[in-house]
>>> print(open('structure.cif').read())   # mmCIF, N, CA and C atoms
data_work
loop_
_atom_site.label_atom_id
_atom_site.label_comp_id
_atom_site.auth_asym_id
_atom_site.auth_seq_id
_atom_site.Cartn_x
_atom_site.Cartn_y
_atom_site.Cartn_z
N MET A 13 72.10 83.90 -67.11
CA MET A 13 73.22 83.02 -66.93
C MET A 13 74.45 83.70 -67.52
N LYS A 14 75.58 83.56 -66.86
CA LYS A 14 76.82 84.19 -67.29
C LYS A 14 77.70 83.18 -68.02
N ASN A 15 78.31 83.60 -69.10
CA ASN A 15 79.24 82.76 -69.84
C ASN A 15 80.64 82.93 -69.29
N ILE A 16 81.38 81.82 -69.23
CA ILE A 16 82.78 81.84 -68.80
C ILE A 16 83.59 81.01 -69.79
N THR A 17 84.88 81.25 -69.82
CA THR A 17 85.77 80.52 -70.72
C THR A 17 86.88 79.88 -69.90
N PHE A 18 87.16 78.61 -70.19
CA PHE A 18 88.24 77.88 -69.53
C PHE A 18 89.24 77.41 -70.58
N SER A 19 90.45 77.21 -70.14
CA SER A 19 91.47 76.59 -70.98
C SER A 19 91.75 75.21 -70.39
N ALA A 20 91.78 74.20 -71.27
CA ALA A 20 92.05 72.84 -70.82
C ALA A 20 92.66 72.06 -71.97
N ASP A 21 93.29 70.96 -71.63
CA ASP A 21 93.88 70.09 -72.62
C ASP A 21 92.80 69.59 -73.58
N GLU A 22 93.08 69.70 -74.87
CA GLU A 22 92.10 69.33 -75.89
C GLU A 22 91.64 67.87 -75.74
N HIS A 23 92.58 67.00 -75.42
CA HIS A 23 92.24 65.58 -75.26
C HIS A 23 91.27 65.38 -74.08
N LEU A 24 91.50 66.09 -73.00
CA LEU A 24 90.61 65.97 -71.84
C LEU A 24 89.22 66.49 -72.16
N ILE A 25 89.16 67.57 -72.92
CA ILE A 25 87.85 68.11 -73.30
C ILE A 25 87.07 67.09 -74.13
N GLU A 26 87.74 66.45 -75.07
CA GLU A 26 87.08 65.43 -75.89
C GLU A 26 86.62 64.25 -75.04
N GLN A 27 87.45 63.83 -74.08
CA GLN A 27 87.06 62.74 -73.18
C GLN A 27 85.85 63.15 -72.36
N ALA A 28 85.85 64.39 -71.87
CA ALA A 28 84.72 64.87 -71.07
C ALA A 28 83.45 64.93 -71.90
N ARG A 29 83.55 65.38 -73.14
CA ARG A 29 82.38 65.42 -74.02
C ARG A 29 81.83 64.02 -74.27
N ALA A 30 82.74 63.06 -74.50
CA ALA A 30 82.32 61.68 -74.73
C ALA A 30 81.63 61.11 -73.49
N LYS A 31 82.18 61.41 -72.33
CA LYS A 31 81.56 60.92 -71.09
C LYS A 31 80.18 61.55 -70.89
N ALA A 32 80.07 62.83 -71.17
CA ALA A 32 78.78 63.51 -71.05
C ALA A 32 77.77 62.89 -72.02
N ARG A 33 78.20 62.63 -73.25
CA ARG A 33 77.30 61.99 -74.22
C ARG A 33 76.83 60.63 -73.72
N SER A 34 77.75 59.86 -73.12
CA SER A 34 77.38 58.53 -72.63
C SER A 34 76.38 58.62 -71.47
N GLN A 35 76.37 59.78 -70.80
CA GLN A 35 75.42 60.01 -69.71
C GLN A 35 74.19 60.79 -70.20
N ARG A 36 74.09 60.92 -71.52
CA ARG A 36 72.98 61.60 -72.18
C ARG A 36 72.79 63.03 -71.68
N THR A 37 73.89 63.74 -71.62
CA THR A 37 73.87 65.15 -71.22
C THR A 37 74.92 65.89 -72.03
N THR A 38 75.07 67.16 -71.77
CA THR A 38 76.09 67.95 -72.44
C THR A 38 77.20 68.28 -71.45
N LEU A 39 78.33 68.68 -71.99
CA LEU A 39 79.43 69.07 -71.13
C LEU A 39 79.05 70.31 -70.32
N ASN A 40 78.32 71.23 -70.92
CA ASN A 40 77.85 72.41 -70.18
C ASN A 40 76.96 72.02 -69.00
N GLU A 41 76.02 71.12 -69.24
CA GLU A 41 75.13 70.70 -68.16
C GLU A 41 75.90 69.95 -67.07
N ALA A 42 76.85 69.10 -67.47
CA ALA A 42 77.67 68.38 -66.49
C ALA A 42 78.47 69.37 -65.65
N PHE A 43 78.99 70.42 -66.29
CA PHE A 43 79.74 71.43 -65.55
C PHE A 43 78.82 72.17 -64.57
N ARG A 44 77.62 72.51 -65.02
CA ARG A 44 76.68 73.20 -64.12
C ARG A 44 76.35 72.34 -62.90
N GLU A 45 76.15 71.04 -63.12
CA GLU A 45 75.89 70.13 -62.00
C GLU A 45 77.10 70.08 -61.06
N TRP A 46 78.30 70.01 -61.64
CA TRP A 46 79.51 70.00 -60.81
C TRP A 46 79.62 71.28 -60.01
N LEU A 47 79.31 72.42 -60.63
CA LEU A 47 79.42 73.70 -59.96
C LEU A 47 78.48 73.77 -58.76
N VAL A 48 77.29 73.23 -58.90
CA VAL A 48 76.34 73.18 -57.78
C VAL A 48 76.92 72.33 -56.65
N GLN A 49 77.45 71.16 -56.99
CA GLN A 49 78.04 70.28 -55.97
C GLN A 49 79.25 70.94 -55.32
N PHE A 50 80.09 71.58 -56.11
CA PHE A 50 81.31 72.20 -55.63
C PHE A 50 81.01 73.32 -54.64
N THR A 51 79.96 74.05 -54.89
CA THR A 51 79.63 75.19 -54.03
C THR A 51 78.75 74.82 -52.85
N SER A 52 78.31 73.60 -52.75
CA SER A 52 77.43 73.19 -51.66
C SER A 52 78.19 72.43 -50.59
N THR A 53 79.30 72.98 -50.12
CA THR A 53 80.12 72.30 -49.12
C THR A 53 79.43 72.08 -47.78
N PRO A 54 78.55 72.99 -47.32
CA PRO A 54 77.92 72.69 -46.02
C PRO A 54 77.16 71.37 -46.01
N SER A 55 76.43 71.07 -47.07
CA SER A 55 75.72 69.79 -47.09
C SER A 55 76.71 68.63 -47.21
N SER A 56 77.81 68.87 -47.93
CA SER A 56 78.83 67.83 -48.04
C SER A 56 79.44 67.54 -46.67
N ALA A 57 79.66 68.59 -45.89
CA ALA A 57 80.19 68.40 -44.54
C ALA A 57 79.21 67.60 -43.70
N LYS A 58 77.93 67.87 -43.87
CA LYS A 58 76.91 67.12 -43.14
C LYS A 58 76.91 65.66 -43.57
N GLU A 59 77.06 65.44 -44.88
CA GLU A 59 77.10 64.07 -45.39
C GLU A 59 78.30 63.31 -44.84
N ILE A 60 79.44 63.97 -44.78
CA ILE A 60 80.64 63.34 -44.23
C ILE A 60 80.43 63.03 -42.75
N GLY A 61 79.84 63.96 -42.03
CA GLY A 61 79.55 63.72 -40.61
C GLY A 61 78.62 62.53 -40.42
N ALA A 62 77.60 62.43 -41.26
CA ALA A 62 76.67 61.30 -41.19
C ALA A 62 77.38 59.99 -41.52
N LEU A 63 78.26 60.01 -42.52
CA LEU A 63 79.03 58.81 -42.87
C LEU A 63 79.92 58.39 -41.71
N MET A 64 80.61 59.35 -41.11
CA MET A 64 81.48 59.03 -39.98
C MET A 64 80.68 58.43 -38.83
N LYS A 65 79.49 58.94 -38.61
CA LYS A 65 78.64 58.41 -37.54
C LYS A 65 78.23 56.97 -37.84
N ARG A 66 77.88 56.70 -39.13
CA ARG A 66 77.49 55.34 -39.53
C ARG A 66 78.66 54.37 -39.42
N LEU A 67 79.88 54.86 -39.64
CA LEU A 67 81.06 53.99 -39.62
C LEU A 67 81.78 54.00 -38.27
N LYS A 68 81.13 54.53 -37.26
CA LYS A 68 81.73 54.65 -35.93
C LYS A 68 82.18 53.30 -35.37
N TYR A 69 81.50 52.24 -35.75
CA TYR A 69 81.81 50.91 -35.24
C TYR A 69 83.12 50.33 -35.78
N VAL A 70 83.64 50.87 -36.86
CA VAL A 70 84.83 50.34 -37.51
C VAL A 70 86.06 50.60 -36.63
N GLU A 71 86.85 49.53 -36.42
CA GLU A 71 88.08 49.64 -35.64
C GLU A 71 89.24 49.11 -36.47
N ALA A 72 90.38 49.71 -36.34
CA ALA A 72 91.56 49.30 -37.11
C ALA A 72 92.15 47.99 -36.60
N GLY A 73 91.85 47.64 -35.37
CA GLY A 73 92.35 46.39 -34.83
C GLY A 73 93.57 46.56 -33.95
N ARG A 74 94.27 47.68 -34.10
CA ARG A 74 95.43 47.95 -33.27
C ARG A 74 95.75 49.44 -33.36
N HIS A 75 96.70 49.87 -32.51
CA HIS A 75 97.15 51.26 -32.53
C HIS A 75 98.29 51.40 -33.53
N PHE A 76 98.21 52.39 -34.39
CA PHE A 76 99.27 52.64 -35.36
C PHE A 76 100.20 53.73 -34.85
N SER A 77 101.49 53.53 -35.10
CA SER A 77 102.46 54.53 -34.68
C SER A 77 102.35 55.77 -35.57
N ARG A 78 102.94 56.86 -35.14
CA ARG A 78 102.92 58.08 -35.93
C ARG A 78 103.56 57.86 -37.30
N ASP A 79 104.67 57.13 -37.33
CA ASP A 79 105.34 56.84 -38.59
C ASP A 79 104.45 56.02 -39.53
N GLU A 80 103.75 55.04 -38.98
CA GLU A 80 102.85 54.23 -39.80
C GLU A 80 101.71 55.08 -40.36
N LEU A 81 101.17 55.98 -39.56
CA LEU A 81 100.09 56.83 -40.02
C LEU A 81 100.55 57.79 -41.12
N ASN A 82 101.82 58.16 -41.11
CA ASN A 82 102.34 59.11 -42.09
C ASN A 82 102.98 58.44 -43.31
N GLU A 83 103.00 57.11 -43.37
CA GLU A 83 103.55 56.44 -44.54
C GLU A 83 102.70 56.72 -45.76
N ARG A 84 103.35 56.75 -46.89
CA ARG A 84 102.60 57.01 -48.13
C ARG A 84 102.69 55.85 -49.04
#
>>> encode(input="structure.cif", output="structure tokens")
Amino acid sequence: MKNITFSADEHLIEQARAKARSQRTTLNEAFREWLVQFTSTPSSAKEIGALMKRLKYVEAGRHFSRDELNER
């Protein structure tokens, strides 16, 4: 296993450690899990495709204009 070093806000690191503790894991293990998920985009794309297929029946109820679609 290779070691890496990151720089992050001290407060965020403490929050992340607390969250990891509440999930009965370590920050290192949580990061390793995230890294696996982050690098597994093909399965994520499949999951999104499956979700879109399941939600195919959903209709907005009307046609939205280009301006409405681009509103923030």
>>> residues_around(input="structure.cif", residues="stretch 18-30 of chain A", least_positions_apart="6", cutoff="8 Å", atoms="all atoms listed in the file", output="PyMOL selection string")
chain A and resi 36-40
>>> atom_distance(input="structure.cif", atom1="atom CA of A:Arg44", atom2="atom CA of A:Lys58")
21.8 Å
>>> atom_distance(input="structure.cif", atom1="atom CA of A:Ala62", atom2="atom CA of A:Asp79")
29.1 Å
>>> atom_distance(input="structure.cif", atom1="atom N of A:Glu45", atom2="atom C of A:Arg33")
14.9 Å
>>> select_by_dssp(input="structure.cif", residues="stretch 48-77 of chain A", states="helix (DSSP H, G or I)", output="list in words")
Val48, Gln49, Phe50, Thr51, Thr53, Pro54, Ser55, Ser56, Ala57, Lys58, Glu59, Ile60, Gly61, Ala62, Leu63, Met64, Lys65 and Arg66 of chain A
